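**Student:** final-v6.cif is reproduced in full below (mmCIF, N, CA and C atoms).
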```cif
data_my_file
#
loop_
_atom_site.label_atom_id
_atom_site.label_comp_id
_atom_site.auth_asym_id
_atom_site.auth_seq_id
_atom_site.Cartn_x
_atom_site.Cartn_y
_atom_site.Cartn_z
N MET A 1 22.56 -46.95 -90.90
CA MET A 1 21.98 -45.95 -90.02
C MET A 1 22.77 -44.65 -90.17
N LYS A 2 22.07 -43.56 -90.23
CA LYS A 2 22.68 -42.25 -90.41
C LYS A 2 22.88 -41.59 -89.05
N HIS A 3 24.09 -41.05 -88.80
CA HIS A 3 24.36 -40.35 -87.55
C HIS A 3 24.02 -38.88 -87.70
N ILE A 4 23.37 -38.35 -86.70
CA ILE A 4 23.01 -36.94 -86.69
C ILE A 4 23.95 -36.23 -85.73
N GLY A 5 24.63 -35.22 -86.20
CA GLY A 5 25.56 -34.48 -85.35
C GLY A 5 25.54 -33.01 -85.70
N ALA A 6 26.11 -32.22 -84.83
CA ALA A 6 26.15 -30.79 -85.07
C ALA A 6 27.14 -30.50 -86.19
N VAL A 7 26.72 -29.67 -87.11
CA VAL A 7 27.56 -29.31 -88.23
C VAL A 7 28.34 -28.03 -87.91
N GLN A 8 27.75 -27.18 -87.07
CA GLN A 8 28.38 -25.92 -86.72
C GLN A 8 28.96 -25.98 -85.31
N ALA A 9 29.87 -25.07 -85.06
CA ALA A 9 30.44 -24.96 -83.72
C ALA A 9 29.37 -24.41 -82.78
N VAL A 10 29.54 -24.65 -81.52
CA VAL A 10 28.61 -24.17 -80.52
C VAL A 10 28.62 -22.64 -80.52
N VAL A 11 27.46 -22.05 -80.49
CA VAL A 11 27.36 -20.60 -80.57
C VAL A 11 27.76 -19.94 -79.26
N THR A 12 27.31 -20.47 -78.15
CA THR A 12 27.66 -19.92 -76.84
C THR A 12 28.47 -20.94 -76.08
N ALA A 13 29.48 -20.47 -75.44
CA ALA A 13 30.33 -21.35 -74.64
C ALA A 13 29.62 -21.70 -73.34
N ALA A 14 29.92 -22.86 -72.83
CA ALA A 14 29.36 -23.25 -71.54
C ALA A 14 29.94 -22.35 -70.44
N GLY A 15 29.23 -22.24 -69.33
CA GLY A 15 29.66 -21.36 -68.24
C GLY A 15 31.04 -21.68 -67.70
N PHE A 16 31.41 -22.94 -67.70
CA PHE A 16 32.71 -23.33 -67.16
C PHE A 16 33.81 -23.26 -68.20
N ASP A 17 33.45 -22.98 -69.44
CA ASP A 17 34.40 -23.05 -70.54
C ASP A 17 34.76 -21.67 -71.08
N ARG A 18 34.82 -20.69 -70.21
CA ARG A 18 35.14 -19.35 -70.68
C ARG A 18 36.23 -18.74 -69.81
N GLU A 19 36.88 -17.75 -70.33
CA GLU A 19 37.92 -17.03 -69.60
C GLU A 19 37.26 -16.01 -68.68
N PRO A 20 37.93 -15.62 -67.58
CA PRO A 20 37.36 -14.59 -66.71
C PRO A 20 37.34 -13.24 -67.43
N THR A 21 36.34 -12.48 -67.10
CA THR A 21 36.23 -11.15 -67.69
C THR A 21 37.23 -10.21 -67.04
N ALA A 22 37.38 -9.04 -67.63
CA ALA A 22 38.30 -8.05 -67.07
C ALA A 22 37.83 -7.61 -65.68
N ALA A 23 36.53 -7.49 -65.49
CA ALA A 23 35.99 -7.10 -64.18
C ALA A 23 36.29 -8.17 -63.13
N GLU A 24 36.17 -9.43 -63.51
CA GLU A 24 36.46 -10.52 -62.57
C GLU A 24 37.94 -10.55 -62.22
N LEU A 25 38.79 -10.33 -63.20
CA LEU A 25 40.22 -10.29 -62.93
C LEU A 25 40.60 -9.11 -62.05
N ASP A 26 39.95 -7.97 -62.25
CA ASP A 26 40.20 -6.81 -61.38
C ASP A 26 39.77 -7.09 -59.95
N ALA A 27 38.62 -7.75 -59.79
CA ALA A 27 38.14 -8.08 -58.45
C ALA A 27 39.09 -9.04 -57.75
N ILE A 28 39.60 -10.01 -58.48
CA ILE A 28 40.56 -10.95 -57.90
C ILE A 28 41.84 -10.22 -57.49
N GLU A 29 42.29 -9.32 -58.34
CA GLU A 29 43.50 -8.55 -58.04
C GLU A 29 43.33 -7.70 -56.78
N ARG A 30 42.14 -7.09 -56.63
CA ARG A 30 41.88 -6.28 -55.43
C ARG A 30 41.84 -7.16 -54.18
N GLU A 31 41.39 -8.39 -54.31
CA GLU A 31 41.25 -9.28 -53.16
C GLU A 31 42.50 -10.11 -52.88
N MET A 32 43.55 -9.99 -53.67
CA MET A 32 44.74 -10.81 -53.47
C MET A 32 45.36 -10.67 -52.08
N PRO A 33 45.41 -9.49 -51.47
CA PRO A 33 45.95 -9.43 -50.10
C PRO A 33 45.12 -10.26 -49.11
N VAL A 34 43.81 -10.27 -49.29
CA VAL A 34 42.95 -11.07 -48.41
C VAL A 34 43.19 -12.56 -48.66
N ILE A 35 43.29 -12.93 -49.91
CA ILE A 35 43.54 -14.33 -50.26
C ILE A 35 44.87 -14.80 -49.67
N ALA A 36 45.89 -13.98 -49.80
CA ALA A 36 47.21 -14.34 -49.26
C ALA A 36 47.17 -14.47 -47.74
N ALA A 37 46.47 -13.55 -47.07
CA ALA A 37 46.37 -13.62 -45.61
C ALA A 37 45.59 -14.85 -45.17
N GLU A 38 44.53 -15.18 -45.90
CA GLU A 38 43.76 -16.37 -45.55
C GLU A 38 44.56 -17.64 -45.79
N LEU A 39 45.40 -17.67 -46.83
CA LEU A 39 46.26 -18.82 -47.06
C LEU A 39 47.28 -18.98 -45.93
N GLU A 40 47.81 -17.87 -45.46
CA GLU A 40 48.76 -17.91 -44.34
C GLU A 40 48.08 -18.47 -43.09
N LEU A 41 46.83 -18.05 -42.84
CA LEU A 41 46.08 -18.57 -41.71
C LEU A 41 45.82 -20.06 -41.87
N LEU A 42 45.44 -20.46 -43.07
CA LEU A 42 45.18 -21.88 -43.33
C LEU A 42 46.44 -22.71 -43.12
N ASP A 43 47.57 -22.23 -43.58
CA ASP A 43 48.84 -22.94 -43.36
C ASP A 43 49.14 -23.10 -41.87
N ALA A 44 48.90 -22.05 -41.11
CA ALA A 44 49.15 -22.11 -39.67
C ALA A 44 48.21 -23.11 -39.00
N GLN A 45 46.97 -23.14 -39.43
CA GLN A 45 46.00 -24.07 -38.84
C GLN A 45 46.31 -25.51 -39.24
N ILE A 46 46.71 -25.73 -40.48
CA ILE A 46 47.04 -27.08 -40.93
C ILE A 46 48.24 -27.63 -40.17
N ALA A 47 49.19 -26.77 -39.86
CA ALA A 47 50.38 -27.22 -39.14
C ALA A 47 50.06 -27.76 -37.75
N THR A 48 48.91 -27.39 -37.20
CA THR A 48 48.57 -27.83 -35.84
C THR A 48 47.50 -28.92 -35.82
N LEU A 49 47.15 -29.46 -36.97
CA LEU A 49 46.06 -30.45 -37.01
C LEU A 49 46.41 -31.77 -36.33
N ASP A 50 47.61 -32.26 -36.55
CA ASP A 50 47.94 -33.61 -36.08
C ASP A 50 48.73 -33.63 -34.78
N ARG A 51 48.86 -32.50 -34.13
CA ARG A 51 49.60 -32.46 -32.86
C ARG A 51 49.08 -31.33 -31.99
N ALA A 52 49.45 -31.39 -30.76
CA ALA A 52 49.06 -30.31 -29.85
C ALA A 52 49.86 -29.06 -30.21
N PRO A 53 49.18 -27.94 -30.36
CA PRO A 53 49.91 -26.72 -30.76
C PRO A 53 50.85 -26.24 -29.67
N SER A 54 52.05 -25.90 -30.08
CA SER A 54 53.03 -25.32 -29.16
C SER A 54 52.71 -23.84 -28.98
N PRO A 55 53.32 -23.20 -28.00
CA PRO A 55 53.10 -21.75 -27.84
C PRO A 55 53.44 -20.96 -29.10
N LEU A 56 54.45 -21.42 -29.84
CA LEU A 56 54.81 -20.76 -31.10
C LEU A 56 53.70 -20.94 -32.14
N ASP A 57 53.12 -22.14 -32.20
CA ASP A 57 52.01 -22.39 -33.12
C ASP A 57 50.81 -21.52 -32.80
N VAL A 58 50.50 -21.41 -31.51
CA VAL A 58 49.36 -20.59 -31.08
C VAL A 58 49.59 -19.14 -31.49
N ARG A 59 50.80 -18.67 -31.30
CA ARG A 59 51.13 -17.28 -31.66
C ARG A 59 51.04 -17.08 -33.17
N ARG A 60 51.51 -18.07 -33.94
CA ARG A 60 51.44 -17.98 -35.40
C ARG A 60 49.99 -17.91 -35.89
N VAL A 61 49.13 -18.75 -35.34
CA VAL A 61 47.71 -18.74 -35.73
C VAL A 61 47.07 -17.42 -35.33
N ARG A 62 47.37 -16.95 -34.13
CA ARG A 62 46.78 -15.69 -33.67
C ARG A 62 47.21 -14.52 -34.56
N ARG A 63 48.49 -14.48 -34.92
CA ARG A 63 48.97 -13.41 -35.80
C ARG A 63 48.35 -13.50 -37.18
N ALA A 64 48.19 -14.71 -37.68
CA ALA A 64 47.58 -14.88 -39.00
C ALA A 64 46.11 -14.45 -38.98
N ARG A 65 45.39 -14.76 -37.89
CA ARG A 65 43.99 -14.31 -37.77
C ARG A 65 43.91 -12.79 -37.75
N ARG A 66 44.81 -12.17 -36.99
CA ARG A 66 44.82 -10.71 -36.93
C ARG A 66 45.13 -10.11 -38.29
N ARG A 67 46.05 -10.73 -39.01
CA ARG A 67 46.41 -10.23 -40.34
C ARG A 67 45.21 -10.30 -41.28
N VAL A 68 44.46 -11.38 -41.22
CA VAL A 68 43.25 -11.51 -42.07
C VAL A 68 42.28 -10.39 -41.74
N LEU A 69 42.06 -10.14 -40.45
CA LEU A 69 41.14 -9.08 -40.07
C LEU A 69 41.61 -7.70 -40.53
N VAL A 70 42.91 -7.44 -40.41
CA VAL A 70 43.45 -6.15 -40.83
C VAL A 70 43.29 -5.96 -42.33
N VAL A 71 43.61 -6.98 -43.10
CA VAL A 71 43.53 -6.87 -44.55
C VAL A 71 42.07 -6.74 -45.00
N ARG A 72 41.17 -7.48 -44.36
CA ARG A 72 39.74 -7.34 -44.70
C ARG A 72 39.25 -5.94 -44.38
N ARG A 73 39.68 -5.39 -43.24
CA ARG A 73 39.27 -4.03 -42.87
C ARG A 73 39.79 -3.02 -43.89
N GLU A 74 41.06 -3.17 -44.30
CA GLU A 74 41.62 -2.26 -45.29
C GLU A 74 40.88 -2.33 -46.61
N LEU A 75 40.52 -3.54 -47.02
CA LEU A 75 39.78 -3.71 -48.26
C LEU A 75 38.40 -3.07 -48.16
N THR A 76 37.75 -3.26 -47.03
CA THR A 76 36.43 -2.67 -46.83
C THR A 76 36.51 -1.15 -46.79
N ASN A 77 37.53 -0.62 -46.14
CA ASN A 77 37.68 0.83 -46.05
C ASN A 77 38.00 1.48 -47.39
N ARG A 78 38.54 0.70 -48.32
CA ARG A 78 38.80 1.23 -49.66
C ARG A 78 37.52 1.36 -50.47
N GLY A 79 36.43 0.82 -49.95
CA GLY A 79 35.16 0.95 -50.64
C GLY A 79 34.79 -0.23 -51.50
N VAL A 80 35.44 -1.35 -51.32
CA VAL A 80 35.10 -2.54 -52.09
C VAL A 80 34.05 -3.31 -51.30
N VAL A 81 32.80 -3.04 -51.62
CA VAL A 81 31.70 -3.70 -50.94
C VAL A 81 31.17 -4.78 -51.87
N GLY A 82 30.92 -5.96 -51.31
CA GLY A 82 30.38 -7.05 -52.12
C GLY A 82 31.41 -7.73 -52.99
N ALA A 83 32.68 -7.63 -52.62
CA ALA A 83 33.74 -8.22 -53.43
C ALA A 83 33.65 -9.74 -53.45
N ALA A 84 33.06 -10.34 -52.44
CA ALA A 84 32.95 -11.80 -52.40
C ALA A 84 31.86 -12.30 -53.35
N GLU A 85 31.07 -11.41 -53.92
CA GLU A 85 29.99 -11.81 -54.80
C GLU A 85 30.42 -11.97 -56.24
N VAL A 86 31.71 -11.88 -56.53
CA VAL A 86 32.20 -11.98 -57.90
C VAL A 86 31.95 -13.36 -58.45
N ALA A 87 32.21 -14.38 -57.64
CA ALA A 87 32.05 -15.75 -58.13
C ALA A 87 30.61 -16.01 -58.36
#
```
Translate this file's structure into structure tokens.

**Tutor:**
Amino acid sequence: MKHIGAVQAVVTAAGFDREPTAAELDAIEREMPVIAAELELLDAQIATLDRAPSPLDVRRVRRARRRVLVVRRELTNRGVVGAAEVA
């Protein structure tokens, strides 16, 4: 029996098998302050999952939420509209 296989390399790469474009990398770089603030908020929320939050925990979560809002506002005021649509 004869096996049939591709003789040439694939002409187009699959969607998941490519490097990010320069525009995508620029968008990620612009959004890094938001990503960092959201990670800080997530860390604060995870710390309170398995126990009752102490007053310090509540304050940490509240500050992290405020930081996310401030950074998002700054990003929006810079004129980056639709930055979440990169993906």

**Student:** Any idea what the distance is between atom C of Ala37 of chain A and atom CA of Ala64 of chain A?

**Tutor:**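 For atom C of Ala37 of chain A relative to atom CA of Ala64 of chain A, the distance reads 6.5 Å.
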
**Student:** I'd like the box whose edges run along x, y and z of the file and which contains every listed atom of segment 35-50 of chain A, padded by 5 Å per side; could you state its centre and edge lengths in Å, one decimal, as JSON?

**Tutor:**
```
{"center_x": 46.8, "center_y": -23.3, "center_z": -42.5, "size_x": 17.1, "size_y": 30.7, "size_z": 25.5}
```

**Student:** Please measure the separation of atom C of Leu25 of chain A and atom N of Ala47 of chain A, giving the value in Å to one decimal.

**Tutor:**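 Computing the Euclidean distance for atom C of Leu25 of chain A and atom N of Ala47 of chain A yields 29.6 Å.
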
**Student:** Would you mind reading off the distance between atom N of Val70 of chain A and atom N of Leu39 of chain A, one decimal, in Å?

**Tutor:**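 Those two atoms sit 12.3 Å apart.
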
**Student:** Written as number ranges by chain, which residues does the PyMOL selection byres ((chain A and resi 34) around 8) give for the file shown?

**Tutor:** A: 29-33, 35-40, 67-68, 70-72, 75

**Student:** Could you tell me, as a list of chain:residue names, exactly which residues end up selected when the PyMOL selection byres (((chain A and resi 60 and name CA) around 12) and name CA) is applied to this structure?

**Tutor:** A:Glu40, A:Leu41, A:Leu42, A:Asp43, A:Ala44, A:Gln45, A:Ile46, A:Ala47, A:Thr48, A:Pro53, A:Ser54, A:Pro55, A:Leu56, A:Asp57, A:Val58, A:Arg59, A:Val61, A:Arg62, A:Arg63, A:Ala64, A:Arg65, A:Arg66, A:Arg67

**Student:** Please return, as a short mmCIF file (atom, residue, chain, number, x, y, z; two decimals) with N, CA and C atoms, in the frame of the given file, all residues of segment 20-78 of chain A that DSSP assigns to alpha helix (DSSP H) on the basis of the backbone.

**Tutor:**
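Saved as states-v1.cif:
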```
data_model
loop_
_atom_site.label_atom_id
_atom_site.label_comp_id
_atom_site.auth_asym_id
_atom_site.auth_seq_id
_atom_site.Cartn_x
_atom_site.Cartn_y
_atom_site.Cartn_z
N ALA A 22 37.38 -9.04 -67.63
CA ALA A 22 38.30 -8.05 -67.07
C ALA A 22 37.83 -7.61 -65.68
N ALA A 23 36.53 -7.49 -65.49
CA ALA A 23 35.99 -7.10 -64.18
C ALA A 23 36.29 -8.17 -63.13
N GLU A 24 36.17 -9.43 -63.51
CA GLU A 24 36.46 -10.52 -62.57
C GLU A 24 37.94 -10.55 -62.22
N LEU A 25 38.79 -10.33 -63.20
CA LEU A 25 40.22 -10.29 -62.93
C LEU A 25 40.60 -9.11 -62.05
N ASP A 26 39.95 -7.97 -62.25
CA ASP A 26 40.20 -6.81 -61.38
C ASP A 26 39.77 -7.09 -59.95
N ALA A 27 38.62 -7.75 -59.79
CA ALA A 27 38.14 -8.08 -58.45
C ALA A 27 39.09 -9.04 -57.75
N ILE A 28 39.60 -10.01 -58.48
CA ILE A 28 40.56 -10.95 -57.90
C ILE A 28 41.84 -10.22 -57.49
N GLU A 29 42.29 -9.32 -58.34
CA GLU A 29 43.50 -8.55 -58.04
C GLU A 29 43.33 -7.70 -56.78
N ARG A 30 42.14 -7.09 -56.63
CA ARG A 30 41.88 -6.28 -55.43
C ARG A 30 41.84 -7.16 -54.18
N GLU A 31 41.39 -8.39 -54.31
CA GLU A 31 41.25 -9.28 -53.16
C GLU A 31 42.50 -10.11 -52.88
N MET A 32 43.55 -9.99 -53.67
CA MET A 32 44.74 -10.81 -53.47
C MET A 32 45.36 -10.67 -52.08
N PRO A 33 45.41 -9.49 -51.47
CA PRO A 33 45.95 -9.43 -50.10
C PRO A 33 45.12 -10.26 -49.11
N VAL A 34 43.81 -10.27 -49.29
CA VAL A 34 42.95 -11.07 -48.41
C VAL A 34 43.19 -12.56 -48.66
N ILE A 35 43.29 -12.93 -49.91
CA ILE A 35 43.54 -14.33 -50.26
C ILE A 35 44.87 -14.80 -49.67
N ALA A 36 45.89 -13.98 -49.80
CA ALA A 36 47.21 -14.34 -49.26
C ALA A 36 47.17 -14.47 -47.74
N ALA A 37 46.47 -13.55 -47.07
CA ALA A 37 46.37 -13.62 -45.61
C ALA A 37 45.59 -14.85 -45.17
N GLU A 38 44.53 -15.18 -45.90
CA GLU A 38 43.76 -16.37 -45.55
C GLU A 38 44.56 -17.64 -45.79
N LEU A 39 45.40 -17.67 -46.83
CA LEU A 39 46.26 -18.82 -47.06
C LEU A 39 47.28 -18.98 -45.93
N GLU A 40 47.81 -17.87 -45.46
CA GLU A 40 48.76 -17.91 -44.34
C GLU A 40 48.08 -18.47 -43.09
N LEU A 41 46.83 -18.05 -42.84
CA LEU A 41 46.08 -18.57 -41.71
C LEU A 41 45.82 -20.06 -41.87
N LEU A 42 45.44 -20.46 -43.07
CA LEU A 42 45.18 -21.88 -43.33
C LEU A 42 46.44 -22.71 -43.12
N ASP A 43 47.57 -22.23 -43.58
CA ASP A 43 48.84 -22.94 -43.36
C ASP A 43 49.14 -23.10 -41.87
N ALA A 44 48.90 -22.05 -41.11
CA ALA A 44 49.15 -22.11 -39.67
C ALA A 44 48.21 -23.11 -39.00
N GLN A 45 46.97 -23.14 -39.43
CA GLN A 45 46.00 -24.07 -38.84
C GLN A 45 46.31 -25.51 -39.24
N ILE A 46 46.71 -25.73 -40.48
CA ILE A 46 47.04 -27.08 -40.93
C ILE A 46 48.24 -27.63 -40.17
N ALA A 47 49.19 -26.77 -39.86
CA ALA A 47 50.38 -27.22 -39.14
C ALA A 47 50.06 -27.76 -37.75
N PRO A 55 53.32 -23.20 -28.00
CA PRO A 55 53.10 -21.75 -27.84
C PRO A 55 53.44 -20.96 -29.10
N LEU A 56 54.45 -21.42 -29.84
CA LEU A 56 54.81 -20.76 -31.10
C LEU A 56 53.70 -20.94 -32.14
N ASP A 57 53.12 -22.14 -32.20
CA ASP A 57 52.01 -22.39 -33.12
C ASP A 57 50.81 -21.52 -32.80
N VAL A 58 50.50 -21.41 -31.51
CA VAL A 58 49.36 -20.59 -31.08
C VAL A 58 49.59 -19.14 -31.49
N ARG A 59 50.80 -18.67 -31.30
CA ARG A 59 51.13 -17.28 -31.66
C ARG A 59 51.04 -17.08 -33.17
N ARG A 60 51.51 -18.07 -33.94
CA ARG A 60 51.44 -17.98 -35.40
C ARG A 60 49.99 -17.91 -35.89
N VAL A 61 49.13 -18.75 -35.34
CA VAL A 61 47.71 -18.74 -35.73
C VAL A 61 47.07 -17.42 -35.33
N ARG A 62 47.37 -16.95 -34.13
CA ARG A 62 46.78 -15.69 -33.67
C ARG A 62 47.21 -14.52 -34.56
N ARG A 63 48.49 -14.48 -34.92
CA ARG A 63 48.97 -13.41 -35.80
C ARG A 63 48.35 -13.50 -37.18
N ALA A 64 48.19 -14.71 -37.68
CA ALA A 64 47.58 -14.88 -39.00
C ALA A 64 46.11 -14.45 -38.98
N ARG A 65 45.39 -14.76 -37.89
CA ARG A 65 43.99 -14.31 -37.77
C ARG A 65 43.91 -12.79 -37.75
N ARG A 66 44.81 -12.17 -36.99
CA ARG A 66 44.82 -10.71 -36.93
C ARG A 66 45.13 -10.11 -38.29
N ARG A 67 46.05 -10.73 -39.01
CA ARG A 67 46.41 -10.23 -40.34
C ARG A 67 45.21 -10.30 -41.28
N VAL A 68 44.46 -11.38 -41.22
CA VAL A 68 43.25 -11.51 -42.07
C VAL A 68 42.28 -10.39 -41.74
N LEU A 69 42.06 -10.14 -40.45
CA LEU A 69 41.14 -9.08 -40.07
C LEU A 69 41.61 -7.70 -40.53
N VAL A 70 42.91 -7.44 -40.41
CA VAL A 70 43.45 -6.15 -40.83
C VAL A 70 43.29 -5.96 -42.33
N VAL A 71 43.61 -6.98 -43.10
CA VAL A 71 43.53 -6.87 -44.55
C VAL A 71 42.07 -6.74 -45.00
N ARG A 72 41.17 -7.48 -44.36
CA ARG A 72 39.74 -7.34 -44.70
C ARG A 72 39.25 -5.94 -44.38
N ARG A 73 39.68 -5.39 -43.24
CA ARG A 73 39.27 -4.03 -42.87
C ARG A 73 39.79 -3.02 -43.89
N GLU A 74 41.06 -3.17 -44.30
CA GLU A 74 41.62 -2.26 -45.29
C GLU A 74 40.88 -2.33 -46.61
N LEU A 75 40.52 -3.54 -47.02
CA LEU A 75 39.78 -3.71 -48.26
C LEU A 75 38.40 -3.07 -48.16
N THR A 76 37.75 -3.26 -47.03
CA THR A 76 36.43 -2.67 -46.83
C THR A 76 36.51 -1.15 -46.79
N ASN A 77 37.53 -0.62 -46.14
CA ASN A 77 37.68 0.83 -46.05
C ASN A 77 38.00 1.48 -47.39
#
```

**Student:** As a PDB file, in the frame of the given file, could you write out segment 67-82 of chain A once it has been completed with N, CA, C and O atoms?

**Tutor:**
```pdb
ATOM      1  N   ARG A  67      46.050 -10.730 -39.010  1.00  0.00           N
ATOM      2  CA  ARG A  67      46.410 -10.230 -40.340  1.00  0.00           C
ATOM      3  C   ARG A  67      45.210 -10.300 -41.280  1.00  0.00           C
ATOM      4  O   ARG A  67      44.973  -9.376 -42.062  1.00  0.00           O
ATOM      5  N   VAL A  68      44.460 -11.380 -41.220  1.00  0.00           N
ATOM      6  CA  VAL A  68      43.250 -11.510 -42.070  1.00  0.00           C
ATOM      7  C   VAL A  68      42.280 -10.390 -41.740  1.00  0.00           C
ATOM      8  O   VAL A  68      41.729  -9.750 -42.647  1.00  0.00           O
ATOM      9  N   LEU A  69      42.060 -10.140 -40.450  1.00  0.00           N
ATOM     10  CA  LEU A  69      41.140  -9.080 -40.070  1.00  0.00           C
ATOM     11  C   LEU A  69      41.610  -7.700 -40.530  1.00  0.00           C
ATOM     12  O   LEU A  69      40.816  -6.893 -41.010  1.00  0.00           O
ATOM     13  N   VAL A  70      42.910  -7.440 -40.410  1.00  0.00           N
ATOM     14  CA  VAL A  70      43.450  -6.150 -40.830  1.00  0.00           C
ATOM     15  C   VAL A  70      43.290  -5.960 -42.330  1.00  0.00           C
ATOM     16  O   VAL A  70      42.852  -4.907 -42.801  1.00  0.00           O
ATOM     17  N   VAL A  71      43.610  -6.980 -43.100  1.00  0.00           N
ATOM     18  CA  VAL A  71      43.530  -6.870 -44.550  1.00  0.00           C
ATOM     19  C   VAL A  71      42.070  -6.740 -45.000  1.00  0.00           C
ATOM     20  O   VAL A  71      41.763  -5.946 -45.896  1.00  0.00           O
ATOM     21  N   ARG A  72      41.170  -7.480 -44.360  1.00  0.00           N
ATOM     22  CA  ARG A  72      39.740  -7.340 -44.700  1.00  0.00           C
ATOM     23  C   ARG A  72      39.250  -5.940 -44.380  1.00  0.00           C
ATOM     24  O   ARG A  72      38.487  -5.350 -45.145  1.00  0.00           O
ATOM     25  N   ARG A  73      39.680  -5.390 -43.240  1.00  0.00           N
ATOM     26  CA  ARG A  73      39.270  -4.030 -42.870  1.00  0.00           C
ATOM     27  C   ARG A  73      39.790  -3.020 -43.890  1.00  0.00           C
ATOM     28  O   ARG A  73      39.061  -2.129 -44.320  1.00  0.00           O
ATOM     29  N   GLU A  74      41.060  -3.170 -44.300  1.00  0.00           N
ATOM     30  CA  GLU A  74      41.620  -2.260 -45.290  1.00  0.00           C
ATOM     31  C   GLU A  74      40.880  -2.330 -46.610  1.00  0.00           C
ATOM     32  O   GLU A  74      40.607  -1.316 -47.244  1.00  0.00           O
ATOM     33  N   LEU A  75      40.520  -3.540 -47.020  1.00  0.00           N
ATOM     34  CA  LEU A  75      39.780  -3.710 -48.260  1.00  0.00           C
ATOM     35  C   LEU A  75      38.400  -3.070 -48.160  1.00  0.00           C
ATOM     36  O   LEU A  75      37.953  -2.394 -49.086  1.00  0.00           O
ATOM     37  N   THR A  76      37.750  -3.260 -47.030  1.00  0.00           N
ATOM     38  CA  THR A  76      36.430  -2.670 -46.830  1.00  0.00           C
ATOM     39  C   THR A  76      36.510  -1.150 -46.790  1.00  0.00           C
ATOM     40  O   THR A  76      35.669  -0.462 -47.371  1.00  0.00           O
ATOM     41  N   ASN A  77      37.530  -0.620 -46.140  1.00  0.00           N
ATOM     42  CA  ASN A  77      37.680   0.830 -46.050  1.00  0.00           C
ATOM     43  C   ASN A  77      38.000   1.480 -47.390  1.00  0.00           C
ATOM     44  O   ASN A  77      37.752   2.657 -47.586  1.00  0.00           O
ATOM     45  N   ARG A  78      38.540   0.700 -48.320  1.00  0.00           N
ATOM     46  CA  ARG A  78      38.800   1.230 -49.660  1.00  0.00           C
ATOM     47  C   ARG A  78      37.520   1.360 -50.470  1.00  0.00           C
ATOM     48  O   ARG A  78      37.539   1.888 -51.561  1.00  0.00           O
ATOM     49  N   GLY A  79      36.430   0.820 -49.950  1.00  0.00           N
ATOM     50  CA  GLY A  79      35.160   0.950 -50.640  1.00  0.00           C
ATOM     51  C   GLY A  79      34.790  -0.230 -51.500  1.00  0.00           C
ATOM     52  O   GLY A  79      33.921  -0.129 -52.353  1.00  0.00           O
ATOM     53  N   VAL A  80      35.440  -1.350 -51.320  1.00  0.00           N
ATOM     54  CA  VAL A  80      35.100  -2.540 -52.090  1.00  0.00           C
ATOM     55  C   VAL A  80      34.050  -3.310 -51.300  1.00  0.00           C
ATOM     56  O   VAL A  80      34.367  -4.084 -50.419  1.00  0.00           O
ATOM     57  N   VAL A  81      32.800  -3.040 -51.620  1.00  0.00           N
ATOM     58  CA  VAL A  81      31.700  -3.700 -50.940  1.00  0.00           C
ATOM     59  C   VAL A  81      31.170  -4.780 -51.870  1.00  0.00           C
ATOM     60  O   VAL A  81      30.967  -4.557 -53.053  1.00  0.00           O
ATOM     61  N   GLY A  82      30.920  -5.960 -51.310  1.00  0.00           N
ATOM     62  CA  GLY A  82      30.380  -7.050 -52.120  1.00  0.00           C
ATOM     63  C   GLY A  82      31.410  -7.730 -52.990  1.00  0.00           C
ATOM     64  O   GLY A  82      31.085  -8.318 -53.991  1.00  0.00           O
TER      65      GLY A  82
END
```
